[in-house]
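Pasted below: input.cif, mmCIF, C-alpha atoms and all ligand atoms.
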data_protein
#
loop_
_atom_site.label_atom_id
_atom_site.label_comp_id
_atom_site.auth_asym_id
_atom_site.auth_seq_id
_atom_site.Cartn_x
_atom_site.Cartn_y
_atom_site.Cartn_z
CA MET A 1 -20.61 168.84 224.18
CA PRO A 2 -24.43 168.46 224.21
CA THR A 3 -26.47 171.33 225.65
CA PRO A 4 -28.85 170.78 228.59
CA TYR A 5 -32.59 170.27 228.21
CA ASP A 6 -34.34 172.56 230.64
CA GLY A 7 -38.00 171.54 230.27
CA SER A 8 -40.13 169.33 232.50
CA PHE A 9 -40.51 165.57 232.11
CA PRO A 10 -44.02 165.86 230.51
CA GLN A 11 -42.61 168.42 228.02
CA PHE A 12 -39.72 166.07 227.23
CA GLN A 13 -42.14 163.20 226.71
CA SER A 14 -44.29 165.23 224.30
CA ALA A 15 -41.18 165.92 222.22
CA HIS A 16 -39.85 162.32 222.57
CA PRO A 17 -42.84 159.99 222.97
CA ASN A 18 -40.72 156.88 223.69
CA ALA A 19 -38.45 158.61 226.18
CA ALA A 20 -38.07 157.19 229.68
CA PHE A 21 -37.61 159.19 232.88
CA SER A 22 -33.91 158.26 232.94
CA ASP A 23 -33.48 159.71 229.40
CA TRP A 24 -34.86 162.99 230.71
CA LEU A 25 -32.41 162.90 233.65
CA VAL A 26 -29.47 162.51 231.25
CA ALA A 27 -30.79 165.26 228.93
CA ARG A 28 -31.07 167.62 231.93
CA ALA A 29 -27.57 166.69 233.16
CA GLU A 30 -25.72 167.84 230.05
CA PRO A 31 -23.01 168.90 229.37
CA PHE A 32 -21.73 167.29 232.61
CA TRP A 33 -22.98 163.79 231.84
CA SER A 34 -21.03 163.60 228.56
CA ALA A 35 -18.01 165.37 230.08
CA ALA A 36 -17.87 162.74 232.85
CA THR A 37 -18.47 159.62 230.75
CA GLU A 38 -15.97 160.78 228.10
CA HIS A 39 -13.34 162.21 230.42
CA PRO A 40 -9.73 161.64 229.22
CA PHE A 41 -9.04 159.87 232.54
CA THR A 42 -11.56 157.14 231.60
CA ARG A 43 -9.99 156.73 228.15
CA ALA A 44 -6.51 156.48 229.67
CA ILE A 45 -7.67 153.55 231.85
CA GLY A 46 -8.45 151.57 228.70
CA ASP A 47 -5.48 152.79 226.63
CA GLY A 48 -2.99 151.67 229.26
CA SER A 49 -1.64 155.25 229.06
CA MET A 50 -2.56 156.08 232.66
CA PRO A 51 0.26 157.69 234.70
CA ASP A 52 0.78 155.81 238.00
CA GLU A 53 0.68 159.11 239.86
CA ALA A 54 -2.79 160.01 238.58
CA TYR A 55 -4.19 156.52 239.18
CA THR A 56 -2.79 156.37 242.71
CA ARG A 57 -4.34 159.78 243.47
CA TYR A 58 -7.64 158.54 242.03
CA LEU A 59 -7.67 155.25 243.95
CA ILE A 60 -6.94 156.88 247.31
CA GLU A 61 -9.83 159.34 246.82
CA ASP A 62 -12.10 156.69 245.35
CA TYR A 63 -11.60 154.36 248.31
CA THR A 64 -13.09 157.05 250.55
CA PHE A 65 -15.88 157.64 247.99
CA VAL A 66 -16.71 153.92 247.88
CA THR A 67 -16.86 153.87 251.68
CA ASP A 68 -19.52 156.61 251.51
CA LEU A 69 -21.24 154.77 248.68
CA ALA A 70 -21.56 151.73 250.96
CA SER A 71 -23.28 153.96 253.58
CA THR A 72 -25.55 155.34 250.83
CA LEU A 73 -26.55 151.80 249.86
CA GLY A 74 -27.27 151.03 253.51
CA TYR A 75 -29.75 153.94 253.61
CA LEU A 76 -31.30 152.87 250.31
CA VAL A 77 -31.75 149.27 251.52
CA ALA A 78 -33.59 150.69 254.54
CA LYS A 79 -35.77 153.04 252.45
CA ALA A 80 -36.56 150.76 249.48
CA PRO A 81 -40.30 150.13 249.49
CA ARG A 82 -40.21 146.56 248.13
CA MET A 83 -38.32 143.40 249.06
CA GLN A 84 -37.23 142.94 245.43
CA SER A 85 -35.47 146.34 245.56
CA LYS A 86 -33.83 145.58 248.92
CA THR A 87 -32.52 142.32 247.41
CA GLN A 88 -30.92 144.14 244.45
CA LEU A 89 -29.39 146.90 246.56
CA SER A 90 -28.06 144.62 249.31
CA ALA A 91 -26.49 142.26 246.75
CA PHE A 92 -24.60 145.23 245.28
CA LEU A 93 -23.60 146.41 248.75
CA ALA A 94 -22.20 142.93 249.44
CA LEU A 95 -20.16 143.07 246.22
CA LEU A 96 -18.85 146.55 246.98
CA THR A 97 -17.66 145.55 250.44
CA SER A 98 -16.08 142.24 249.36
CA GLU A 99 -14.87 141.84 245.75
CA GLU A 100 -14.43 145.57 245.10
CA ASN A 101 -12.79 146.18 248.49
CA ASP A 102 -10.36 143.37 247.70
CA TYR A 103 -9.59 145.05 244.35
CA PHE A 104 -8.62 148.27 246.15
CA LEU A 105 -6.39 146.49 248.68
CA ARG A 106 -4.49 144.54 245.97
CA SER A 107 -4.15 147.68 243.83
CA PHE A 108 -2.81 149.73 246.73
CA GLU A 109 -0.23 147.05 247.39
CA ALA A 110 0.85 146.97 243.72
CA LEU A 111 1.13 150.77 243.60
CA GLY A 112 3.06 150.90 246.88
CA VAL A 113 0.38 152.73 248.89
CA PRO A 114 0.61 151.71 252.57
CA ALA A 115 -2.52 150.98 254.64
CA SER A 116 -1.61 153.93 256.88
CA THR A 117 -2.17 156.21 253.85
CA TYR A 118 -5.41 154.83 252.39
CA GLU A 119 -7.02 154.09 255.75
CA THR A 120 -6.57 157.62 257.06
CA ALA A 121 -6.70 159.67 253.83
CA ALA A 122 -8.57 162.96 254.23
CA GLN A 123 -11.03 163.59 251.41
CA GLY A 124 -10.15 166.35 248.96
CA PRO A 125 -12.77 169.09 248.35
CA THR A 126 -14.39 167.31 245.38
CA THR A 127 -14.77 163.99 247.22
CA ARG A 128 -16.12 165.85 250.26
CA ALA A 129 -18.74 167.53 248.08
CA PHE A 130 -19.63 164.09 246.70
CA ALA A 131 -19.90 162.60 250.18
CA ASP A 132 -22.16 165.47 251.30
CA LEU A 133 -24.48 165.05 248.33
CA LEU A 134 -24.60 161.25 248.31
CA VAL A 135 -24.91 160.55 251.99
CA SER A 136 -27.30 163.42 252.74
CA SER A 137 -29.56 162.65 249.73
CA ALA A 138 -29.87 159.00 250.67
CA GLY A 139 -29.93 159.58 254.45
CA LYS A 140 -32.07 162.72 254.79
CA GLY A 141 -33.82 162.67 251.40
CA SER A 142 -36.38 160.29 249.93
CA TYR A 143 -35.75 156.91 248.29
CA PRO A 144 -35.93 158.48 244.75
CA ASP A 145 -33.43 161.19 245.83
CA GLY A 146 -30.84 158.61 246.92
CA LEU A 147 -31.64 156.40 243.93
CA ALA A 148 -30.94 159.30 241.51
CA CYS A 149 -27.45 159.71 243.02
CA LEU A 150 -26.73 155.98 242.85
CA LEU A 151 -28.06 155.83 239.29
CA CYS A 152 -25.74 158.60 238.15
CA ALA A 153 -22.65 157.09 239.81
CA GLU A 154 -23.16 153.56 238.50
CA TRP A 155 -24.54 154.40 235.06
CA CYS A 156 -21.62 156.76 234.45
CA TYR A 157 -19.18 153.93 235.25
CA LEU A 158 -21.06 151.39 233.12
CA THR A 159 -20.99 153.84 230.17
CA TRP A 160 -17.22 154.35 230.11
CA GLY A 161 -16.53 150.78 231.31
CA ARG A 162 -18.36 149.19 228.37
CA ARG A 163 -16.60 151.52 225.92
CA GLU A 164 -13.13 150.81 227.33
CA ALA A 165 -13.83 147.05 227.45
CA GLN A 166 -13.81 147.08 223.62
CA LYS A 167 -10.07 147.88 223.62
CA PRO A 168 -7.28 145.32 224.17
CA LYS A 169 -6.86 144.74 227.92
CA PRO A 170 -4.29 147.04 229.56
CA GLU A 171 -1.29 145.25 231.08
CA ALA A 172 -1.62 146.55 234.63
CA PHE A 173 -4.12 144.31 236.47
CA TYR A 174 -5.55 147.29 238.41
CA LEU A 175 -6.57 148.99 235.16
CA ALA A 176 -7.86 145.80 233.48
CA GLU A 177 -9.85 144.75 236.55
CA TRP A 178 -11.33 148.24 237.06
CA ILE A 179 -12.73 148.06 233.54
CA ASP A 180 -13.98 144.50 234.09
CA LEU A 181 -15.73 145.40 237.34
CA HIS A 182 -17.70 148.06 235.44
CA ALA A 183 -18.37 146.15 232.23
CA VAL A 184 -19.28 142.60 233.36
CA PRO A 185 -22.85 141.39 232.68
CA GLY A 186 -23.70 141.31 236.42
CA PHE A 187 -22.85 145.02 236.78
CA GLU A 188 -24.75 145.89 233.61
CA ALA A 189 -27.78 143.98 234.93
CA PHE A 190 -27.62 145.92 238.20
CA VAL A 191 -27.41 149.29 236.44
CA ASN A 192 -30.30 148.29 234.18
CA TRP A 193 -32.26 147.44 237.30
CA ILE A 194 -31.58 150.93 238.78
CA ILE A 195 -32.66 152.50 235.47
CA GLU A 196 -35.91 150.50 235.49
CA GLU A 197 -36.52 151.29 239.17
CA MET A 198 -36.12 155.00 238.42
CA ASN A 199 -38.24 154.76 235.24
CA GLY A 200 -41.01 153.17 237.32
CA ILE A 201 -40.92 155.68 240.19
CA GLY A 202 -39.97 158.93 238.40
CA PRO A 203 -43.19 159.45 236.41
CA THR A 204 -45.28 159.00 239.61
CA LEU A 205 -43.49 161.86 241.44
CA SER A 206 -44.89 165.38 241.77
CA PRO A 207 -43.42 168.03 239.40
CA ASP A 208 -41.39 169.47 242.30
CA ASP A 209 -40.00 166.07 243.24
CA GLN A 210 -39.15 165.29 239.60
CA ASP A 211 -37.33 168.59 239.38
CA ARG A 212 -35.36 167.92 242.59
CA VAL A 213 -34.41 164.41 241.46
CA SER A 214 -33.17 165.79 238.12
CA ARG A 215 -31.10 168.45 239.91
CA LEU A 216 -29.48 165.77 242.06
CA PHE A 217 -28.62 163.72 238.97
CA ARG A 218 -27.19 166.83 237.30
CA HIS A 219 -25.15 167.79 240.37
CA MET A 220 -23.81 164.22 240.63
CA SER A 221 -22.82 164.32 236.94
CA ALA A 222 -20.86 167.54 237.54
CA LEU A 223 -19.11 165.93 240.52
CA GLU A 224 -18.25 162.78 238.54
CA PHE A 225 -16.58 165.04 235.99
CA ALA A 226 -14.78 167.05 238.70
CA PHE A 227 -13.60 163.84 240.39
CA PHE A 228 -11.91 162.59 237.20
CA GLU A 229 -10.53 166.05 236.55
CA ALA A 230 -8.98 166.29 240.04
CA ALA A 231 -7.31 162.87 239.67
CA TRP A 232 -6.14 163.63 236.13
CA THR A 233 -4.68 167.09 236.76
CA GLY A 234 -3.81 166.92 240.47
CA LYS A 235 -5.70 170.20 240.94
CA THR A 236 -9.12 170.87 242.45
CA PRO A 237 -11.45 172.05 239.68
CA ASP A 238 -13.89 174.86 240.43
CA LEU A 239 -17.47 173.65 240.43
CA PRO A 240 -19.82 175.70 238.22
CA GLU A 241 -21.66 178.51 240.03
CA GLU A 242 -24.99 176.61 240.07
CA PHE A 243 -23.53 174.00 242.46
CA ARG A 244 -21.76 176.37 244.84
CA GLN A 245 -23.40 176.75 248.22
CA SER A 246 -24.37 180.27 249.18
C1 LIG B 301 -16.46 158.69 241.97
C2 LIG B 301 -17.05 157.34 241.64
N1 LIG B 301 -18.28 157.26 241.07
C3 LIG B 301 -18.78 156.02 240.79
C4 LIG B 301 -18.11 154.89 241.09
C5 LIG B 301 -18.68 153.54 240.76
N2 LIG B 301 -19.07 152.82 241.86
C6 LIG B 301 -16.87 155.01 241.71
N3 LIG B 301 -16.13 153.93 242.07
N4 LIG B 301 -16.34 156.25 241.99
#
Please, can you express the file's structure as structure tokens?
Ligand SMILES: Cc1ncc(CN)c(N)n1
Amino acid sequence: MPTPYDGSFPQFQSAHPNAAFSDWLVARAEPFWSAATEHPFTRAIGDGSMPDEAYTRYLIEDYTFVTDLASTLGYLVAKAPRMQSKTQLSAFLALLTSEENDYFLRSFEALGVPASTYETAAQGPTTRAFADLLVSSAGKGSYPDGLACLLCAEWCYLTWGRREAQKPKPEAFYLAEWIDLHAVPGFEAFVNWIIEEMNGIGPTLSPDDQDRVSRLFRHMSALEFAFFEAAWTGKTPDLPEEFRQS
């Protein structure tokens, strides 16, 4: 697994003159970024080797995560400084609450999960930590804070989605469609937009703000890994010491 870069953005740029702010975020988020994007759970989605039990566990938790993600997008639409950004974010929010919501409902039906289960599911500890970070960064933090969390979540999914889309489609529609949702050109264009938005704003931030944004991206990467791990193993993984609240 790659080791983390612990220097500042200007230091990173002196060593890598063509590097963008988002490259620095990824370098600072290692080894969690690679652990999340290469998690065995993501490979099992594309292999068609996913146990129903693990995928059901994942979908129930992820439905609550996506509900919080929709709230996060609502905050970001409100905080985005430009109309062009509000347009991008609200279009994604519309997709999340329509096409993606429909995906979850059809998948729950196919996997035999009743509405009474997924509508009232309590979040496990990892999803709760995610919800706290996402919703509070976007709601109480600045636009770049919330954007860093969104960037990590969507870029992570584009990364494994594009890789798994190279394999023959899995038979189960809920696996094949989950890959498609995260590999189609429209999703890629949206993630590229978030990357560009962050690359435009990041270099203008103060050193303290850059540092905070990079910590949020790193924390999100660790949670993305933990989320896959919890679904895959059925156990709550311990978060590394640096993310535990005192
Ligand atoms: C945990 C998690 N992270 C990201 C995504 C992609 N929206 C998701 N569905 N779930």
A:Arg128 environment, 10 Å, only C-alpha atoms, sequence neighbours closer than 5 positions dropped, as JSON, numbers by chain: {"A": [61, 64, 65, 68, 122, 123, 133, 134]}
Which residues are close to stretch 24-30 of chain A, i.e. within 12 Å by only C-alpha atoms, leaving aside same-chain residues fewer than 3 positions away? Reply as a PyMOL selection string. chain A and resi 1-21+33-37+148-149+151-152+155-156+195+198-199+202-203+210-225
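Going from atom CA of A:Thr159 to atom CA of A:Phe130 covers 19.5 Å.
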Give me, as a ChimeraX atom specification, all polymer residues having an atom no more than 12 Å from A:Glu38, counting all atoms listed in the file and skipping those fewer than 6 positions away in the same chain. /A:1,31-32,44-46,156-164,221,224-225,228-229
Mind pulling up the distance from atom CA of A:Trp232 to atom CA of A:Leu111? 16.6 Å
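Proximity ranking of A:Tyr143, A:Gly48, A:Pro168, A:Leu105 relative to A:Val77 places A:Tyr143 first, based on only C-alpha atoms.
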Edge lengths and centre in Å to one decimal, as JSON, is what I'm after for the box along x, y and z that holds all listed atoms of stretch 196-215 of chain A once 6 Å is added on each side.
{"center_x": -38.2, "center_y": 160.0, "center_z": 239.2, "size_x": 26.2, "size_y": 31.0, "size_z": 20.0}
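Residue nearest ligand LIG 301 (chain B), chosen from A:Ser90, A:Ser107, A:Thr67, A:Gln166 and counting all atoms listed in the file: A:Thr67.
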The residues within 12 Å of (-32.7, 149.5, 250.3), using all atoms listed in the file and the coordinates of the file, should be reported as a ChimeraX atom specification; which are they? /A:70-93,138-139,142-144,146-147,150,194,197
Using all atoms listed in the file, find all polymer residues with an atom at most 12 Å away from the point (-18.1, 148.4, 238.2); report them as a ChimeraX atom specification. /A:66,92,95-96,99-101,103,153-162,165,175-191
Considering all atoms listed in the file, return as a list in words whatever protein or nucleic-acid residues lie within 10 Å of A:Ala230, sequence-local ones (same chain, fewer than 5 positions apart) excluded. Phe41, Ala54, Arg57, Tyr58, Glu61, Gly124, Pro125, Thr126, Thr127, Phe225, Lys235, Thr236, Pro237 and Asp238 of chain A
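Distances to ligand LIG 301 (chain B) were evaluated for A:Asp23, A:Thr120, A:Met50, A:Ile60 using all atoms listed in the file, and the minimum falls at A:Ile60.
Across A:Ala121, A:Ala226, A:Arg106, A:Arg43, the tightest approach to ligand LIG 301 (chain B) is made by A:Ala226 when counting all atoms listed in the file.
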